[in-house]
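A.B. asks: What follows is a structure written as structure tokens; I'll ask about it next.
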Amino acid sequence: MSESILELERVRLQYGPVVAVDDVTVAVGRGEFVTLLGPSGSGKTSTLRLVGGFEHPTGGVIRIAGRPVNGLPANRRDTATIFQSGALFPHKTVAENIAYGLRMRRVPAAEIARRVAEMLEIVALPGFEHRYPAEMSGGQRQRVALARSLVVRPSLLLFDEPLSALDLALKLQLRAEIKRLHAELGFSAVFVTHDQGEALSLSDRVAVMQKGRIEQIDRPDTLYNRPASEFVYTFMGESNRLDVTVGGGAIRDLQGHLLPLTLEDGLAEGAWRLYLRPSRLHLSEHEPVRSNALRCTVSMVEFLGDHFRYHLACHGLRLMCDVSAKLGLSEGSDVIASWDGADMRAYR
Amino acid sequence: MSESILELERVRLQYGPVVAVDDVTVAVGRGEFVTLLGPSGSGKTSTLRLVGGFEHPTGGVIRIAGRPVNGLPANRRDTATIFQSGALFPHKTVAENIAYGLRMRRVPAAEIARRVAEMLEIVALPGFEHRYPAEMSGGQRQRVALARSLVVRPSLLLFDEPLSALDLALKLQLRAEIKRLHAELGFSAVFVTHDQGEALSLSDRVAVMQKGRIEQIDRPDTLYNRPASEFVYTFMGESNRLDVTVGGGAIRDLQGHLLPLTLEDGLAEGAWRLYLRPSRLHLSEHEPVRSNALRCTVSMVEFLGDHFRYHLACHGLRLMCDVSAKLGLSEGSDVIASWDGADMRAYR
Amino acid sequence: QDSFAGESLIVVSWSGNHEQSFRESVVEPFNEKYGTKVETVGGWDQMIAQIKAAPADNPPFDLTIADEYTTSLGLAENVFLKTDRSGIKGFEAVSPWFDAHRGAARDYGVPFGGGSLWMVASRSSGIGAGSWKGFWDERAKGKTTMDAAAFYWDLCVPAILSDRKPGIDEVFDSPAEVEALFAELDKLQMAKWYSDGAELANILIQETAEIAMVYSADARGFMKEFGETHEIAIPAEGTASYTNWFMKVRGTRHPELSDLFLSYLLEKETQQRFLDNSTDFLSRTDLTPPAHWPDYPTTEEAIAKTFNLFSLKGWDAFGANWDALNDRMKQTIATTSRG
Amino acid sequence: MRRSGDITARLLWAAGLLVLGVVSVYVALPVAIAFVMSFSGGQILRFPIQSWSLRWYADFFGSPQYVDALVNTLVIALGATVLSVAAGTASAWAISRRKNLATGALTLLHMLPLFVPGVVLGLGIAITFGNVRLFGMDLYGTRFIVMLAHSLWGMPLVMMLMETTFRSLDRQVLEASRDLGAGPFTTFREIVLPEVRTAILSSALFSFVVSVNEFYMALFLTTRDTQTLPVLMWLSLRSAGSPRLAVAAVVLMTIVLVSLVLLASGLRRKERVRG
Amino acid sequence: MTDARRRRTGEALGFWLLLAPSLLLLVLVFARTVAGVVRMSFNGWTPPSFYVEDVVLDHYVRLATDPLIREAAFNTVVLAFQAALTSVVLAYVMTLIVWLRPKRFRLTVIGLMLCPLLASEISIIFGWWLVLPRNGLLSYMLVGSGLVSEKINLLYTEFAAFLGLVYAILPYSFFILLSVMDRQDRLLIEASADLGASPLSTFREVVLPLTWRGVVLAFSQALIWAFGIYATPSALGPDTLWTMGQRIQEEMIGRANWPLASAIAVAMIAAIALLLVVMRTVEPKERTA
Ligand SMILES: Nc1ncnc2c1ncn2[C@@H]1O[C@H](COP(=O)(O)OP(=O)(O)OP(=O)(O)O)[C@@H](O)[C@H]1O
Ligand SMILES: Nc1ncnc2c1ncn2[C@@H]1O[C@H](COP(=O)(O)OP(=O)(O)OP(=O)(O)O)[C@@H](O)[C@H]1O
Ligand SMILES: [Mg+2]
Ligand SMILES: [Mg+2]
């Protein structure tokens with residue numbers, strides 16, 4: 001277990017009657033990048049704050065580098081947090097902000113100067129030393145926040161939705177930057193987000209949280225392809241949902257139309273919800289190209305830049321299908337949507 | 001011209017020395033959905049505020065339904081704005097919020113009640129009449145804002161980034177709702193956003209703004225596929241950029257390596273920037289599948305849920321390539337990236 | 001008599017205890033007798049300023065009490081009305097002493113009585129209120145208190161003790177000569193200089209001071225409160241005093257009722273009632289000394305001997321030197337204050 | 001909330017709490033004393049209290065003079081509050097709407113009356129307005145002139161508080177109202193007023209308190225009919241401090257306090273509704 | 001363009017209409033009164049009357065030369081500065097605690113800090129009279145608790161005057177600082193701790209610099225109030241504590257010298273206005289993220 005830089009063991013946090021973090025057990029290895037993903041209010045930030053030392057658990061143990069830290073205040077933990085707002089000191093220049101943690105550690109001035117300059121290179125902000133936070137854009141501010149935390153070389157970096165407040169373009173750019181820095185510097189990190197794209201692209205492992213608990217913690221592809229629950233499935237990306245009933249060996253929609261579907265393993269009788277990713281559907285005009293197929297009508301075609309989204313209707317069912325190239329299908333025309341049985345998940 | 005519900009003619013807005021809107025001319029047809037897209041500070045909001053009557057132009061003419069409205073205050077224009085924050089009246093219930101505009105128009109109480117109830121149906125919030133805004137989620141609040149504006153049946157709806165503050169899932173859901181309502185009710189709309197996905201999916205036409213000017217206004221696919229400028233191209237989506245020099249009939253990268261590329265029309269000699277969408281690249285192991293091809297090494301594979309992103313290197317060039325299914329390519333292996341010449345744009 | 005029923009009249013007296021006695025012994029019986037609505041308001045040295053600030057035809061009150069200082073201020077600002085003595089009964093019984101020092105000002109108002117300085121001494125101090133010299137007693141060091149604001153009364157105390165001139169006439173000298181009085185005050189050691197009656201009471205309660213100078217307007221109240229522990233009296237050397245005249249204010253809308261009230265002020269019953277309830281002396285000479293003031297002077301001689309008037313003439317002289325003396329007083333306060 | 005091992009933080013916190021405690025006692029003490037003293041049975045305010053009684057309350061409410069003065073005080077304070085709140089809120093609204101302009105100078109102008117001593121203002125106003133007649137009535141000696149005078153102190157306080165409040169309003173909400181067809185006046189009534197109610201009430205409370213306690217201006221501007229309680233208190237202070245003074249002080253404080261509590265509970269109820 | 005002009009005229013009209021009530025009050029009542037006071041300060045004076053119509057500079061000359069007035073000015077300024085400084089320090093500690101731990105203390109502390117505002121000056125003076133002297137409450141408590149062996153007197157000392165003055169201005173400092181403190185981002189404290197700063201360092205490096213503007217603001221406001229309050233310090237302080245306000249009252253009422261009183265008042269108003277302007281200009285600018 002000393003391989004882990006961070007261990008949470010049955011950690012619990014209550015605010016009065018509200019259980020914000022409920023019996024969370026998780027370990028982060030050295031150099032590992034673990035993301036906490038979940039909807040608003042699921043306890044991600046609370047978990048991170050427990051690790052950072054801003055809150056203290058009402059139950060369980062937290063260990064950093066093998067040492068229990070319950071009750072140790074933030075300034076005496078070897079972690080560094082990047083906040084959603086950046087939380088830069090507005091009255092200090094960029095250089096002063098970055099130097100802050102080093103000064104607190106009584107690093108000699110010359111070394112501070114050297115490391116601040118180096119850090120500014122790394123986050124691609126040389127020349128910004130003497131700016132104040134108010135004089136910079138949101139993305140630049142987040143980079144300073146990153147630099148301020150990185151420069152103290154913490155054992156563990158904690159990110160609390162650092163990209164949420166940014167423009168899409170900036171978000172992508174900074175995401176790439178964080179990824180690059182992680183690859184280059186090899187720090188350990190816990191990253192909080194509610195954006196599954198961010199989680200998937202950045203992390204070694206993703207923990208999906210709901211109601212204060214970790215629902216599943218796994219590698220991104222496992223999580224995406226073998227979600228442990230309906231919640232994880234729907235949270236990981238857009239999906240089509242088919243409400244069906246299984247009975248007498250047949251699958252029917254709620255209006256009783258027979259659906260010619262095959263599932264890898266037989267489903268028990270009763271009502272089911274079948275899920276399908278829009279990108280896993282294939283459209284063809286005459287013959288199905290995969291094992292499961294439905295005959296549909298195109299109700300709308302949406303242009304989304306790098307792909308088109310076809311909205312399909314089949315009796316009462318609605319399906320979305322993403323294809324990268326435009327097909328010669330106009331609204332109202334018939335089409336066959338097909339998919340692999342393995343790409344479909346069933347929950348009841 | 002009376003076909004247009006809104007016309008801006010050489011409209012200009014200055015805040016002291018800052019030119020927020022610079023010589024903008026645009027017309028919105030009845031029932032049309034036009035989006036203003038652009039980076040932060042490009043003047044989108046300012047343009048919208050001019051139309052709404054919250055600011056007044058320092059030059060040019062604005063006409064709504066053919067009638068000049070320069071100087072007419074917001075309460076005397078037949079437009080309704082949906083703000084980013086929702087701007088709901090916090091001390092009024094949902095029903096009171098929605099009824100507000102009707103009350104101001106002295107609509108009889110019985111009719112108000114009828115239309116409010118109808119509107120609540122339309123935005124799928126029946127039963128929420130007596131809630132206060134503070135008691136609802138962000139998405140619900142935006143739906144109330146939408147209802148509050150729709151209920152007065154304005155000639156023109158103005159949207160100022162109504163989805164920016166929402167979670168991804170909510171954002172997609174509300175986007176679909178707006179699309180549905182537009183299709184059902186056929187209102188005219190001007191929509192401001194900095195999210196190109198939103199712009200592409202919602203609009204009949206998109207105006208890309210930069211520095212207070214409209215760079216290009218066109219249908220989404222035209223804009224995406226035939227951008228009028230490098231700025232529009234890069235703003236419309238992620239892209240790969242190849243810095244090259246053309247000379248002696250050959251194209252070389254900056255280190256002088258020959259690139260075996262063909263462009264539809266010959267390029268003049270000199271330095272060029274070539275752009276390519278990551279989704280338009282094709283990967284193959286042995287033979288190129290499109291006319292232009294480069295031999296690359298895989299430097300990283302990123303899992304993004306519904307697709308994989310391959311990061312490639314070819315001499316000094318870096319390429320990203322999005323493919324929907326995972327290929328049997330690990331990091332370090334060689335690959336051929338190929339694409340159609342028509343998918344490439346060149347700017348100098 | 002009923003012609004005044006329901007009519008109102010506002011009369012100013014000194015505020016605090018004085019006002020309370022005045023209301024109980026004068027105003028209320030008057031109202032009872034005539035069915036009028038006379039009311040009394042407390043006032044201090046801001047009264048003339050109030051009249052002056054108000055419009056000439058709408059004064060804040062109809063009758064005002066006035067000592068010599070207030071009178072000279074009011075006459076200078078011309079805010080009083082002359083009084084026709086023929087319309088007022090009771091003058092025959094008034095001590096001539098009141099008019100003797102009045103000069104031309106006697107045309108204004110009627111004399112109700114007068115106030116004076118009293119001495120308070122705690123019984124435990126062993127000093128007693130029999131002589132002003134008690135202030136200079138060794139045992140009184142750091143235990144005395146006098147008025148910090150109306151410093152001219154403080155000067156009267158050494159003036160009474162001084163034989164250089166009769167009574168308190170030393171006070172009306174040139175600053176160079178008044179210096180001798182300051183020199184006497186400088187020898188005192190004050191526990192605290194008080195600035196109002198409430199503070200004086202507080203100082204006595206706290207036993208911060210044991211020997212005090214107190215105005216007769218308050219002395220009766222002090223007797224009730226401190227009678228058991230303190231001796232409160234006019235010292236044998238006599239005292240300095242002012243007279244309380246009631247003046248009609250210019251612009252008053254109730255001149256006849258005012259005259260009636262002025263007459264009432266001079267009635268024997270009125271004065272006796274007031275005397276029984278106060279430590280002021282009254283203008284009639286035919287009153288019976290009250291129980292709390294057995295040696296109340298009733299003869300002309302005794303009045304003249306006991307009460308040395310700070311006269312209008314005196315004010316003319318003193319007023320000219322006021323600023324210089326006031327500045328000098330601040331020095332005295334600085335040297336004699338323990339604070 | 002355990003903070004084991006962090007001694008400096010705990011020491012600092014303890015020191016802070018100590019200051020908090022001492023200052024709290026310091027702040028509450030004179031007020032508490034005045035309260036206790038009002039139940040003293042003696043003739044003069046003295047500590048420690050020798051006998052307890054309600055006689056001074058009976059005396060206070062039995063004296064028409066004091067009761068009248070109390071009524072005057074309240075009427076004047078209410079009037080001054082209405083004037084202050086109306087004028088102060090209107091100008092705060094105007095100033096907060098303007099981006100730059102000479103609003104700084106205007107604000108300063110509004111603040112100036114606060115820095116002029118009450119004696120000076122009182123006498124000055126009495127002299128200046130002594131002879132002014134309004135609608136055939138003498139201004140001097142009326143409650144109205146005292147209200148005017150007191151609103152010179154109330155209005156700046158209201159202005160200060162309301163200006164910050166108005167500036168913190170969400171501009172988009174106001175624009176939304178205009179957008180939905182409400183004119184500026186309707187917007188103010190329908191949207192702004194309900195939003196700033198708390199601030200208006202608290203600024204009203206401030207100007208009420210200022211007026212209730214002011215005595216120098218009132219001294220020079222009132223007659224017997226309009227005399228206020230603090231004036232009476234001040235005048236009798238010059239003679240001797242009877243517990244009646246403490247009673248008067250307690251009565252004033254109670255009135256202020258009761259209005260404060262009513263206000264607070266009213267607001268809390270409203271907030272509960274809003275969630 | 002005419003549209004624009006009409007609209008702008010309309011806006012200007014609305015602006016001035018809204019300002020009208022308060023401007024009327026300020027101009028008709030306040031400005032006229034101040035003008036009257038200024039005029040009065042140039043009048044001549046021959047006792048015993050209040051003033052004589054004239055135009056003389058005597059009173060300003062006296063202001064500049066009279067050592068006792070100078071002493072009063074000096075006392076006023078020194079006392080005001082001490083009290084303002086103390087009130088700001090105390091208020092700072094209080095607001096910091098309230099800000100750090102809102103739920104538990106906030107309402108109680110705010111309620112307590114309203115006390116000095118709610119009670120009239122007269123009752124406050126009375127309160128202190130009963131607390132501070134040798135036989136007062138404080139003395140009783142100290143002797144009773146065994147902290148001191150002999151009764152002590154604090155009344156009529158400079159300290160008592162100071163205590164009373166601080167009492168009167170503390171709420172102003174408190175509420176100004178609270179509003180400034182409430183605008184700060186509490187996350188910055190966490191960020192600072194996170195980067196290894198001890199609570200003291202965080203205070204020095206982050207909290208104080210960020211609230212410094214509020215401190216300056218609170219100080220200048222407290223100072224201005226402290227100048228104006230004189231009944232309390234003179235009732236609690238030693239005999240020799242003469243202040244400007246007291247002097248104005250004495251000249252105006254006791255001495256009936258209206259021109260001199262007016263001249264002192266004019267000088268005081270001018271000094272305070274000057275102070276305000278200076279404070280406004282040296283006020284550090286606020287940086288927000
Ligand atoms: N200081 C607090 N006091 C009381 N309850 C709190 C506090 N902080 C958080 N909570 C509650 O704890 C739960 C978890 O909150 P937390 O902030 O950890 O969620 P989150 O997953 O970070 O959500 P978000 O994405 O909205 O930031 C929520 O129900 C929240 O309301
Ligand atoms: N009230 C104002 N005063 C001065 N300048 C302003 C004002 N409002 C906007 N600007 C400036 O006008 C320009 C355009 O601003 P605008 O708000 O229209 O941009 P935008 O495209 O909506 O940006 P964003 O996406 O950030 O909302 C910017 O440079 C901005 O700084
Ligand atoms: Mg969170
Ligand atoms: Mg905008």
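Going by the structure tokens order, chains are called A, B, ..., each with residues numbered from 1, while ligands are numbered from 1 in the order shown.
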If you count only C-alpha atoms and all ligand atoms, which residues end up within 6 Å of ligand 1, as an MDAnalysis selection string?
C.D. replies: chainID A and resid 15 20 39:46
A.B. asks: Leaving out range 157-160 of chain E and any residue of its chain fewer than 2 positions from it, which residues lie within 7 Å of it when counting only C-alpha atoms, given as a count of residues only?
C.D. replies: 9
A.B. asks: Go through chain B and flag each residue having an atom no more than 9 Å from chain E; for those, report the closest pair of atoms plus their distance in Å to one decimal, using only C-alpha atoms, ordered by chain and rising number, as a Markdown table.
C.D. replies:
```
| residue | atom | partner | partner_atom | distance |
| --- | --- | --- | --- | --- |
| B:His56 | CA | E:Ala4 | CA | 7.7 |
| B:Pro57 | CA | E:Ala4 | CA | 8.6 |
| B:Thr58 | CA | E:Ala4 | CA | 8.5 |
| B:Gly59 | CA | E:Met1 | CA | 8.6 |
| B:Asn70 | CA | E:Asp3 | CA | 6.9 |
| B:Gly71 | CA | E:Asp3 | CA | 5.3 |
| B:Leu72 | CA | E:Asp3 | CA | 8.1 |
| B:Pro73 | CA | E:Arg7 | CA | 8.7 |
```
A.B. asks: Got a sec: who's within 9 Å of range 251-267 of chain E, counting only C-alpha atoms, leaving out chain neighbours fewer than 4 positions off, as a VMD selection string?
C.D. replies: (chain C and resid 45 to 47 49 73 149 to 150 322 to 323) or (chain D and resid 116 to 117 119 to 120 123) or (chain E and resid 34 37 to 52 58 to 60 62 to 63 69 244 to 247 271 to 272)
A.B. asks: Enumerate residues in contact with ligand 3: an atom-to-atom distance of at most 12 Å, counting only C-alpha atoms and all ligand atoms. Format the result as a PyMOL selection string.
C.D. replies: chain A and resi 20+36-49+83-85+159-162+164+191-195+209+212
A.B. asks: Restricting it to C-alpha atoms, dump the selection as a CSV table (one decimal), in the first residue's frame.
C.D. replies:
```csv
chain,number,residue,atom,x,y,z
A,20,ALA,CA,-21.7,15.0,1.7
A,36,LEU,CA,-13.8,12.3,-9.6
A,37,LEU,CA,-16.7,12.6,-12.0
A,38,GLY,CA,-20.3,13.2,-11.0
A,39,PRO,CA,-23.3,15.4,-11.2
A,40,SER,CA,-23.7,18.6,-9.1
A,41,GLY,CA,-24.0,17.9,-5.4
A,42,SER,CA,-22.5,14.4,-5.6
A,43,GLY,CA,-19.7,15.1,-3.2
A,44,LYS,CA,-16.8,15.6,-5.5
A,45,THR,CA,-15.7,18.9,-4.1
A,46,SER,CA,-16.3,17.7,-0.6
A,47,THR,CA,-14.0,14.7,-1.1
A,48,LEU,CA,-11.3,16.9,-2.6
A,49,ARG,CA,-11.6,19.4,0.3
A,83,PHE,CA,-9.6,26.1,-7.6
A,84,GLN,CA,-12.4,26.6,-10.1
A,85,SER,CA,-12.1,30.4,-9.8
A,159,PHE,CA,-7.9,20.1,-9.2
A,160,ASP,CA,-11.5,21.4,-8.5
A,161,GLU,CA,-13.1,21.9,-11.8
A,162,PRO,CA,-10.4,24.2,-13.0
A,164,SER,CA,-15.5,24.8,-15.9
A,191,PHE,CA,-9.2,16.0,-10.6
A,192,VAL,CA,-12.8,17.0,-10.0
A,193,THR,CA,-15.2,17.6,-12.9
A,194,HIS,CA,-18.7,17.0,-14.0
A,195,ASP,CA,-17.6,16.9,-17.7
A,209,MET,CA,-19.7,9.6,-7.8
A,212,GLY,CA,-21.6,11.0,-1.8
```
A.B. asks: Please check the contacts: residues of chain C at most 6 Å away from chain D, using only C-alpha atoms, listed as a list in words.
C.D. replies: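 Here is what falls inside 6 Å: Ser15, Gly16, Gln50, Ala53, Ala54, Pro55, Pro60, Asp196, Gly197 and Ala198 of chain C.
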A.B. asks: Within 9 Å of range 169-173 of chain A, counting only C-alpha atoms, which residues show up once you throw out same-chain ones fewer than 5 positions away? Write them as an MDAnalysis selection string, please.
C.D. replies: (chainID A and resid 138:139 163:164 178 198) or (chainID B and resid 195 235 237:238)
A.B. asks: Give me a file of those residues, with N, CA and C atoms, as a CSV table (one decimal), in the first residue's frame.
C.D. replies:
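Full text of result.csv as output:
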```
chain,number,residue,atom,x,y,z
A,138,GLY,N,-9.4,34.7,-18.6
A,138,GLY,CA,-9.7,33.6,-17.7
A,138,GLY,C,-8.7,32.4,-17.9
A,139,GLY,N,-8.4,32.1,-19.1
A,139,GLY,CA,-7.4,31.0,-19.4
A,139,GLY,C,-6.1,31.3,-18.8
A,163,LEU,N,-11.5,23.9,-15.2
A,163,LEU,CA,-11.7,24.3,-16.5
A,163,LEU,C,-13.2,24.8,-16.7
A,164,SER,N,-14.0,24.6,-15.7
A,164,SER,CA,-15.5,24.8,-15.9
A,164,SER,C,-15.8,26.2,-16.3
A,178,ILE,N,-2.7,20.5,-19.4
A,178,ILE,CA,-2.6,19.7,-18.2
A,178,ILE,C,-2.1,18.3,-18.5
A,198,GLU,N,-13.8,15.6,-20.3
A,198,GLU,CA,-12.6,16.0,-19.6
A,198,GLU,C,-12.1,14.8,-18.8
B,195,ASP,N,-20.3,29.2,-28.5
B,195,ASP,CA,-20.1,27.8,-28.7
B,195,ASP,C,-20.5,27.4,-30.1
B,235,PHE,N,-12.2,29.1,-35.7
B,235,PHE,CA,-13.2,29.3,-34.7
B,235,PHE,C,-14.3,28.3,-34.8
B,237,GLY,N,-14.2,25.1,-35.3
B,237,GLY,CA,-13.9,23.7,-34.7
B,237,GLY,C,-12.5,23.5,-34.6
B,238,GLU,N,-12.1,22.3,-34.0
B,238,GLU,CA,-10.7,22.0,-33.8
B,238,GLU,C,-10.1,21.8,-35.1
```
A.B. asks: Quick one, how far is CA of Val38 in chain C from CA of Thr243 in chain C?
C.D. replies: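 About the pair CA of Val38 in chain C and CA of Thr243 in chain C: they are 22.5 Å apart.
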A.B. asks: Please provide as a count of residues only all residues within 7 Å of range 103-120 of chain A, with the sequence filter that same-chain residues fewer than 5 positions apart are discarded (counting only C-alpha atoms).
C.D. replies: 8
A.B. asks: Report, in Å with one decimal, the straight-line distance from CA of Pro235 in chain C to CA of Ala159 in chain C.
C.D. replies: 13.6 Å
A.B. asks: Enumerate, as a VMD selection string, the complete set of residues in range 9-253 of chain E that a backbone-based DSSP assignment places in alpha helix (DSSP H).
C.D. replies: chain E and resid 9 to 24 32 to 41 58 to 65 67 to 100 102 to 118 121 to 131 137 to 145 158 to 182 187 to 194 199 to 202 208 to 228 231 to 236 244 to 249
A.B. asks: What gap, in Å, lies between CA of Ala74 in chain B and CA of Leu6 in chain B?
C.D. replies: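 Between CA of Ala74 in chain B and CA of Leu6 in chain B the gap works out to 14.9 Å.
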A.B. asks: Quick one: which residues from chain C are at most 10 Å off chain E, using only C-alpha atoms, as JSON, numbers by chain?
C.D. replies: {"C": [44, 45, 46, 47, 48, 49, 50, 52, 69, 70, 71, 72, 73, 74, 75, 76, 77, 78, 148, 149, 150, 190, 191, 192, 193, 194, 195, 196, 198, 199, 202, 203, 205, 206, 207, 208, 315, 316, 319, 320, 322, 323, 326, 327, 330, 331, 332, 333, 334, 335, 336, 337, 338, 339]}
A.B. asks: What's around Leu9 in chain C at 10 Å? Count only C-alpha atoms, leave out sequence neighbours fewer than 5 positions away in its own chain, and write the answer as a VMD selection string.
C.D. replies: (chain C and resid 36 to 40 61 to 63 252 to 255 257 to 258 261) or (chain D and resid 224)
A.B. asks: Only C-alpha atoms, please: the residues just picked out, written as a PDB file, in the first residue's frame.
C.D. replies:
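Saved as result-v2.pdb:
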```pdb
ATOM      1  CA  THR C  36     -56.627  77.602  32.099  1.00  0.00           C
ATOM      2  CA  LYS C  37     -54.021  75.474  30.411  1.00  0.00           C
ATOM      3  CA  VAL C  38     -50.842  77.042  31.602  1.00  0.00           C
ATOM      4  CA  GLU C  39     -47.859  74.860  31.072  1.00  0.00           C
ATOM      5  CA  THR C  40     -44.278  75.077  32.128  1.00  0.00           C
ATOM      6  CA  PHE C  61     -42.988  80.728  25.088  1.00  0.00           C
ATOM      7  CA  ASP C  62     -45.016  83.565  26.575  1.00  0.00           C
ATOM      8  CA  LEU C  63     -43.416  84.151  29.931  1.00  0.00           C
ATOM      9  CA  THR C 252     -46.795  86.768  23.008  1.00  0.00           C
ATOM     10  CA  ARG C 253     -50.346  86.033  21.978  1.00  0.00           C
ATOM     11  CA  HIS C 254     -51.656  85.890  25.523  1.00  0.00           C
ATOM     12  CA  PRO C 255     -50.759  89.228  27.148  1.00  0.00           C
ATOM     13  CA  LEU C 257     -53.485  85.922  30.783  1.00  0.00           C
ATOM     14  CA  SER C 258     -49.805  86.649  31.276  1.00  0.00           C
ATOM     15  CA  PHE C 261     -50.344  84.864  35.919  1.00  0.00           C
TER      16      PHE C 261
ATOM     17  CA  ARG D 224     -43.743  73.394  24.287  1.00  0.00           C
TER      18      ARG D 224
END
```
A.B. asks: So, with only C-alpha atoms as the atoms that count, which of D:Ile76, D:Val192, D:Ala86, D:Val67 lies closest to chain B?
C.D. replies: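 Ranking D:Ile76, D:Val192, D:Ala86, D:Val67 by distance to chain B, first place goes to D:Val192.
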A.B. asks: Could you please tell me, as a PDB file with N, CA, C and O atoms, in the first residue's frame, which residues of chain A have an atom within 6 Å of chain B when using only C-alpha atoms?
C.D. replies:
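Final output, result35.pdb:
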```
ATOM      1  N   LEU A 200     -12.592  11.559 -19.263  1.00  0.00           N
ATOM      2  CA  LEU A 200     -12.088  10.482 -20.104  1.00  0.00           C
ATOM      3  C   LEU A 200     -10.730  10.828 -20.677  1.00  0.00           C
ATOM      4  O   LEU A 200      -9.821   9.993 -20.710  1.00  0.00           O
ATOM      5  N   SER A 201     -10.585  12.048 -21.140  1.00  0.00           N
ATOM      6  CA  SER A 201      -9.356  12.370 -21.861  1.00  0.00           C
ATOM      7  C   SER A 201      -8.167  12.511 -20.932  1.00  0.00           C
ATOM      8  O   SER A 201      -7.046  12.230 -21.307  1.00  0.00           O
ATOM      9  N   GLU A 302     -29.316  17.167 -38.305  1.00  0.00           N
ATOM     10  CA  GLU A 302     -28.661  18.293 -37.650  1.00  0.00           C
ATOM     11  C   GLU A 302     -27.208  18.328 -38.072  1.00  0.00           C
ATOM     12  O   GLU A 302     -26.516  17.300 -38.028  1.00  0.00           O
ATOM     13  N   PHE A 303     -26.733  19.473 -38.497  1.00  0.00           N
ATOM     14  CA  PHE A 303     -25.324  19.604 -38.860  1.00  0.00           C
ATOM     15  C   PHE A 303     -24.546  20.049 -37.637  1.00  0.00           C
ATOM     16  O   PHE A 303     -24.855  21.066 -37.026  1.00  0.00           O
ATOM     17  N   LEU A 304     -23.551  19.293 -37.229  1.00  0.00           N
ATOM     18  CA  LEU A 304     -22.804  19.655 -36.034  1.00  0.00           C
ATOM     19  C   LEU A 304     -21.323  19.839 -36.317  1.00  0.00           C
ATOM     20  O   LEU A 304     -20.474  19.613 -35.462  1.00  0.00           O
TER      21      LEU A 304
END
```
A.B. asks: So that each row is one residue of chain B with an atom at most 7 Å from chain D, can you give its shortest atom pair and the distance in Å to one decimal, using only C-alpha atoms, rows by chain and rising number, as CSV?
C.D. replies:
```
residue,atom,partner,partner_atom,distance
B:Ala74,CA,D:Asp179,CA,5.0
B:Asn75,CA,D:Gly181,CA,3.9
B:Arg76,CA,D:Gly181,CA,6.3
B:Ala80,CA,D:Asp179,CA,5.9
B:Thr81,CA,D:Asp179,CA,6.7
B:Ala87,CA,D:Val173,CA,4.5
B:Leu88,CA,D:Val173,CA,6.3
B:Phe89,CA,D:Val173,CA,6.4
B:His91,CA,D:Pro194,CA,6.9
B:Gly101,CA,D:Leu180,CA,4.6
B:Met104,CA,D:Gly181,CA,5.7
B:Arg105,CA,D:Gly181,CA,6.9
B:Tyr132,CA,D:Arg274,CA,6.2
B:Ala134,CA,D:Gly275,CA,6.7
B:Glu135,CA,D:Gly275,CA,6.6
```
A.B. asks: Show me, as a PyMOL selection string, the residues of chain E whose atoms get within 7 Å of chain D, using only C-alpha atoms for the distance check.
C.D. replies: chain E and resi 15+18-19+21-22+30+33+36-37+93-94+97+112-113+115-116+118-120+123-124+127-128+130+136+167+199+228+249+269
